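Everything below belongs to entry.cif, which stores mmCIF, C-alpha atoms.
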data_my_file
#
loop_
_atom_site.label_atom_id
_atom_site.label_comp_id
_atom_site.auth_asym_id
_atom_site.auth_seq_id
_atom_site.Cartn_x
_atom_site.Cartn_y
_atom_site.Cartn_z
CA MET A 1 78.28 109.96 146.09
CA ILE A 2 76.36 111.57 143.22
CA ARG A 3 77.61 108.95 140.78
CA SER A 4 76.58 106.13 143.12
CA LEU A 5 73.08 107.58 143.59
CA ARG A 6 72.67 108.09 139.85
CA SER A 7 73.73 104.52 139.12
CA SER A 8 71.43 103.13 141.82
CA ALA A 9 68.48 105.11 140.47
CA LEU A 10 69.12 103.92 136.90
CA THR A 11 69.25 100.32 138.10
CA THR A 12 65.86 100.81 139.76
CA ALA A 13 64.45 102.27 136.52
CA GLN A 14 65.74 99.30 134.54
CA ARG A 15 64.11 96.83 136.98
CA ALA A 16 60.81 98.69 136.70
CA ALA A 17 60.90 98.59 132.89
CA GLU A 18 61.75 94.88 132.92
CA ALA A 19 58.79 94.29 135.27
CA GLY A 20 56.51 95.74 132.60
CA ALA A 21 56.15 99.34 133.80
CA THR A 22 54.50 101.56 131.20
CA LEU A 23 55.69 104.97 130.08
CA ALA A 24 53.02 106.53 132.30
CA ASP A 25 54.24 104.48 135.29
CA LEU A 26 57.81 105.68 134.75
CA SER A 27 57.11 109.32 133.93
CA ALA A 28 57.25 110.70 137.49
CA GLY A 29 60.64 109.05 138.10
CA ASN A 30 61.93 110.28 134.72
CA THR A 31 60.99 113.85 135.66
CA ALA A 32 62.71 113.63 139.06
CA PHE A 33 65.85 112.12 137.50
CA ALA A 34 66.07 114.85 134.85
CA ARG A 35 65.75 117.48 137.60
CA ALA A 36 68.50 115.74 139.60
CA GLU A 37 70.84 115.73 136.58
CA SER A 38 70.28 119.45 136.09
CA LEU A 39 70.94 120.20 139.75
CA ALA A 40 74.08 118.05 139.75
CA THR A 41 75.40 119.90 136.71
CA ALA A 42 74.78 123.18 138.56
CA ARG A 43 76.73 121.74 141.57
CA ARG A 44 73.66 122.01 143.81
CA ILE A 45 74.65 118.72 145.38
CA SER A 46 72.26 118.43 148.33
CA GLU A 47 69.25 119.17 146.15
CA ALA A 48 70.48 116.73 143.49
CA VAL A 49 70.87 114.00 146.11
CA MET A 50 67.24 114.45 147.18
CA GLN A 51 66.01 114.30 143.58
CA PHE A 52 68.04 111.17 142.75
CA ALA A 53 66.56 109.51 145.85
CA SER A 54 63.09 110.66 144.83
CA ALA A 55 63.55 109.24 141.30
CA ALA A 56 64.67 105.88 142.70
CA SER A 57 61.68 105.78 145.06
CA LEU A 58 59.21 106.65 142.26
CA TRP A 59 60.68 104.00 139.96
CA ALA A 60 60.54 101.44 142.78
CA ASP A 61 56.83 102.29 143.20
CA ALA A 62 56.38 101.80 139.43
CA GLU A 63 58.05 98.38 139.68
CA ARG A 64 55.77 97.30 142.55
CA LEU A 65 52.71 98.53 140.66
CA SER A 66 53.73 96.62 137.53
CA ARG A 67 54.43 93.38 139.40
CA SER A 68 51.11 93.66 141.25
CA ARG A 69 49.30 94.25 137.97
CA ALA A 70 51.04 91.26 136.40
CA THR A 71 50.06 89.07 139.37
CA ARG A 72 46.41 90.10 139.05
CA ASP A 73 46.44 89.41 135.31
CA SER A 74 48.04 86.02 135.87
CA GLU A 75 45.42 85.09 138.48
CA SER A 76 42.60 86.17 136.14
CA ARG A 77 44.01 83.99 133.39
CA ARG A 78 44.37 81.04 135.79
CA VAL A 79 40.75 81.28 136.90
CA ALA A 80 39.55 81.62 133.33
CA ALA A 81 41.54 78.52 132.40
CA ILE A 82 39.76 76.23 134.92
CA PRO A 83 37.74 73.80 132.78
CA PRO A 84 33.97 73.46 133.28
CA THR A 85 32.41 70.25 134.60
CA PRO A 86 32.57 67.75 131.73
CA LEU A 87 29.38 66.65 129.97
CA PRO A 88 28.63 62.99 129.38
CA ALA A 89 31.04 61.42 126.95
CA GLN A 90 30.20 61.88 123.29
CA ALA A 91 31.83 60.77 120.13
CA PRO A 92 34.86 63.00 119.49
CA PRO A 93 34.48 65.51 116.66
CA PRO A 94 36.70 65.21 113.59
CA ALA A 95 40.21 66.38 114.30
CA ALA A 96 40.87 69.96 113.18
CA PRO A 97 43.95 70.70 111.10
CA ALA A 98 46.98 71.51 113.27
CA ALA A 99 47.35 75.25 113.74
CA ALA A 100 50.67 76.83 112.95
CA VAL A 101 52.62 77.77 116.07
CA PRO A 102 53.13 81.57 116.07
CA VAL A 103 56.73 82.70 116.00
CA ASP A 104 57.82 85.13 118.73
CA PRO A 105 59.04 88.22 116.83
CA ARG A 106 60.86 89.72 119.85
CA THR A 107 64.33 88.69 118.63
CA ASP A 108 63.84 90.23 115.17
CA ILE A 109 62.32 93.41 116.64
CA GLN A 110 65.23 93.72 119.08
CA LYS A 111 67.55 93.71 116.04
CA VAL A 112 65.62 96.68 114.63
CA VAL A 113 66.02 98.51 117.97
CA ASP A 114 69.74 97.66 118.00
CA GLU A 115 70.16 99.17 114.53
CA TYR A 116 68.49 102.36 115.75
CA ALA A 117 70.80 102.46 118.80
CA ARG A 118 73.91 102.07 116.62
CA ALA A 119 72.66 104.88 114.37
CA LEU A 120 72.28 107.16 117.39
CA GLU A 121 75.81 106.33 118.52
CA SER A 122 77.13 107.53 115.15
CA ARG A 123 75.68 111.01 115.93
CA ASP A 124 74.95 111.21 112.20
CA ILE A 125 71.39 112.31 111.34
CA GLU A 126 71.54 110.55 107.95
CA GLN A 127 72.27 107.22 109.63
CA VAL A 128 69.44 107.84 112.09
CA LYS A 129 67.07 108.45 109.14
CA ARG A 130 68.10 105.16 107.55
CA ALA A 131 67.35 103.27 110.75
CA TYR A 132 64.16 105.25 111.39
CA PRO A 133 62.69 106.60 108.12
CA GLY A 134 59.76 108.13 110.01
CA LEU A 135 62.03 110.66 111.79
CA THR A 136 60.06 113.92 112.04
CA THR A 137 61.55 117.37 111.57
CA ALA A 138 61.08 118.13 115.26
CA GLN A 139 62.80 114.87 116.24
CA GLN A 140 65.66 115.57 113.82
CA ASP A 141 66.22 119.04 115.27
CA SER A 142 66.11 117.69 118.83
CA TRP A 143 68.62 114.93 118.07
CA GLN A 144 70.98 117.31 116.25
CA ARG A 145 71.06 119.64 119.27
CA PHE A 146 71.76 116.66 121.51
CA PHE A 147 74.52 115.33 119.22
CA ASP A 148 76.20 118.75 119.27
CA ARG A 149 76.34 118.70 123.08
CA VAL A 150 77.76 115.21 123.62
CA ARG A 151 80.74 113.04 122.78
CA ASN A 152 81.32 109.24 122.92
CA LEU A 153 77.61 108.42 122.91
CA LYS A 154 76.65 104.88 123.94
CA ALA A 155 72.99 103.86 123.51
CA SER A 156 71.83 100.72 125.35
CA LEU A 157 68.23 99.98 124.32
CA SER A 158 66.16 96.84 124.83
CA VAL A 159 62.60 95.70 124.17
CA SER A 160 60.89 95.50 127.58
CA GLY A 161 57.32 95.06 126.35
CA ILE A 162 55.63 94.06 123.11
CA SER A 163 52.09 93.72 121.76
CA VAL A 164 51.69 92.19 118.30
CA ALA A 165 48.63 92.57 116.06
CA GLY A 166 49.20 90.93 112.68
CA ALA A 167 51.98 92.72 110.84
CA THR A 168 52.20 95.56 113.39
CA ALA A 169 53.72 95.59 116.87
CA ASP A 170 53.56 98.19 119.63
CA VAL A 171 56.86 98.08 121.52
CA LEU A 172 58.03 99.52 124.85
CA VAL A 173 61.76 100.28 124.72
CA SER A 174 63.90 101.17 127.74
CA GLY A 175 67.57 101.70 128.46
CA THR A 176 70.17 104.43 128.94
CA TYR A 177 72.21 106.92 126.98
CA GLU A 178 75.79 107.27 128.28
CA TYR A 179 77.99 110.09 126.98
CA ASP A 180 80.55 112.74 127.80
CA ASN A 181 79.19 116.27 128.18
CA ALA A 182 80.95 118.28 125.46
CA GLY A 183 80.85 121.42 127.61
CA THR A 184 82.13 120.01 130.91
CA GLY A 185 83.89 116.86 129.76
CA ARG A 186 82.15 114.91 132.53
CA PRO A 187 80.49 111.52 131.86
CA GLU A 188 76.72 111.53 132.20
CA GLN A 189 73.85 109.05 131.92
CA ARG A 190 70.25 109.53 130.93
CA PRO A 191 67.51 106.90 131.40
CA VAL A 192 65.23 106.51 128.41
CA THR A 193 61.84 104.92 127.90
CA PHE A 194 59.72 105.30 124.78
CA ARG A 195 57.07 103.54 122.74
CA ALA A 196 57.60 102.59 119.12
CA THR A 197 55.58 101.02 116.34
CA VAL A 198 57.23 98.50 114.04
CA THR A 199 55.66 96.94 110.96
CA ARG A 200 56.51 93.81 108.98
CA ASP A 201 56.75 93.66 105.20
CA ALA A 202 58.45 91.35 102.71
CA ASN A 203 61.87 92.50 103.95
CA GLY A 204 61.14 91.94 107.64
CA TRP A 205 60.40 94.28 110.53
CA ARG A 206 61.08 98.02 110.28
CA LEU A 207 60.79 100.95 112.66
CA THR A 208 57.93 103.25 111.60
CA THR A 209 57.03 105.47 114.57
CA ILE A 210 58.68 106.60 117.81
CA ARG A 211 56.66 108.52 120.39
#

Let me see the file written as structure tokens.
Amino acid sequence: MIRSLRSSALTTAQRAAEAGATLADLSAGNTAFARAESLATARRISEAVMQFASAASLWADAERLSRSRATRDSESRRVAAIPPTPLPAQAPPPAAPAAAVPVDPRTDIQKVVDEYARALESRDIEQVKRAYPGLTTAQQDSWQRFFDRVRNLKASLSVSGISVAGATADVLVSGTYEYDNAGTGRPEQRPVTFRATVTRDANGWRLTTIR
């Protein structure tokens, strides 16, 4: 039962992230899920069940909020796109040079996120540093403690939101970490959502900040 509830909650979190939920939208569900995992580990089953249900409900609310926000934004853009009443015909102005069609960088940025995920799966801090040179001392210490507590780590991360400004992009990343608890031997899952900054130079996109 616990495993089914955990899986159902994680599916709800994934749908919310794909709908465009922000880190703030997801935070309440993340907190409830972390509490449920702790209670489940302590074998406080009834309390864990309530927290898994609460996490799923909070993430479902986040999904509805995100979809509603997207609908409002879409309607605003549609209204703004309605052309004004045309003026009397005039001679057409000289044709402007064709503008270059911008290239969607999502695919290349996803490759950067995939490299980071593979580095995490290695549980080797040096590989993590190569994928993410901006790794802070606090982040390094936190990851090392996590690596020491888990086995068979699988990181599934995907770009669920992106905002590009020139050679810099603000990215929302969501997914799950799946692993075996080194102390209990039991398989566990942890939902993850974070924001990252990637920058483009002559060698392509690179991961510069995770927060």

task: List, as number ranges by chain, every residue that the PyMOL selection byres ((chain A and resi 3-18) around 7) selects in the file provided.
output: A: 1-2, 19-21, 52, 55-56, 59-60, 62-63, 160, 174-175, 191

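In terms of minimum interatomic distance to A:Thr22, A:Arg67 ranks closest within A:Arg67, A:Arg72, A:Arg44, A:Arg123, counting only C-alpha atoms.
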
Polymer residues at most 10 Å from A:Gly183, all atoms listed in the file, same-chain spacing of 5 or more positions, as a compact mmCIF listing (two decimals) with C-alpha atoms, in the frame of the given file:
# COMPACT_ATOMS: atom_id res chain seq x y z
CA ASP A 148 76.20 118.75 119.27
CA ARG A 149 76.34 118.70 123.08
CA VAL A 150 77.76 115.21 123.62
CA ARG A 151 80.74 113.04 122.78

task: Output the residue selection produced by the PyMOL selection byres ((chain A and resi 108-117) around 9) on the file above, formatted as JSON, numbers by chain.
output: {"A": [104, 105, 106, 107, 118, 119, 120, 121, 122, 127, 128, 130, 131, 132, 154, 155, 156, 157, 158, 159, 169, 171, 173, 198, 204, 205, 206, 207]}

- prompt: Which residue out of A:Asp141, A:Glu178, A:Asp73, A:Asp170 has the minimum interatomic distance to A:Leu153 when all atoms listed in the file are used?
  reply: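 Smallest distance to A:Leu153 is found for A:Glu178.
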
field: Reference answer for the PyMOL selection byres ((chain A and resi 32) around 8), as a list of chain:residue names
entry: A:Ala28, A:Gly29, A:Asn30, A:Thr31, A:Phe33, A:Ala34, A:Arg35, A:Ala36, A:Gln51, A:Phe52, A:Ser54, A:Ala55

field: Which residue of A:Lys129, A:Pro187, A:Asn203, A:Leu172 approaches A:Glu37 most closely, using all atoms listed in the file
entry: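 Result for the nearest residue to A:Glu37: A:Pro187.
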
task: Between atom CA of A:Ala138 and atom CA of A:Gly185, measure the distance and give it in Å to one decimal.
output: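 Going from atom CA of A:Ala138 over to atom CA of A:Gly185 covers 27.1 Å.
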
query: Contacts of A:Gln140 at 10 Å or less, counting all atoms listed in the file, minus same-chain residues fewer than 5 places along, as a list in words?
result: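 Residues meeting the cut-off are Ile125, Glu126, Val128, Lys129, Leu135, Arg145 and Phe146 of chain A.
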
- request: Find, counting all atoms listed in the file, the residue in A:Trp143, A:Asn152, A:Thr209, A:Gly161 that gets nearest to A:Asn181.
  value: A:Asn152

- request: Quote the spacing between atom CA of A:Phe147 and atom CA of A:Gly134 in Å to one decimal place.
  value: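 Separation of atom CA of A:Phe147 and atom CA of A:Gly134: 18.8 Å.
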
To test the calculation: enclose all listed atoms of stretch 123-131 of chain A in a box whose edges run along x, y and z, add 5 Å on each side, then state centre and edge lengths in Å to one decimal, as JSON.
{"center_x": 71.4, "center_y": 107.8, "center_z": 111.7, "size_x": 18.6, "size_y": 19.0, "size_z": 18.4}

message: Quick check, in Å to one decimal: how far apart do atom CA of A:Ile45 and atom CA of A:Thr184 lie?
response: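 Distance between the two atoms: 16.3 Å.
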
Dump as a CSV table (one decimal) with C-alpha atoms, in the frame of the given file all residues having an atom at most 6 Å from (56.4, 106.3, 126.4), computed in the file's coordinates with only C-alpha atoms.
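Once everything was written out, this is point_2.csv:
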chain,number,residue,atom,x,y,z
A,23,LEU,CA,55.7,105.0,130.1
A,193,THR,CA,61.8,104.9,127.9
A,194,PHE,CA,59.7,105.3,124.8
A,195,ARG,CA,57.1,103.5,122.7
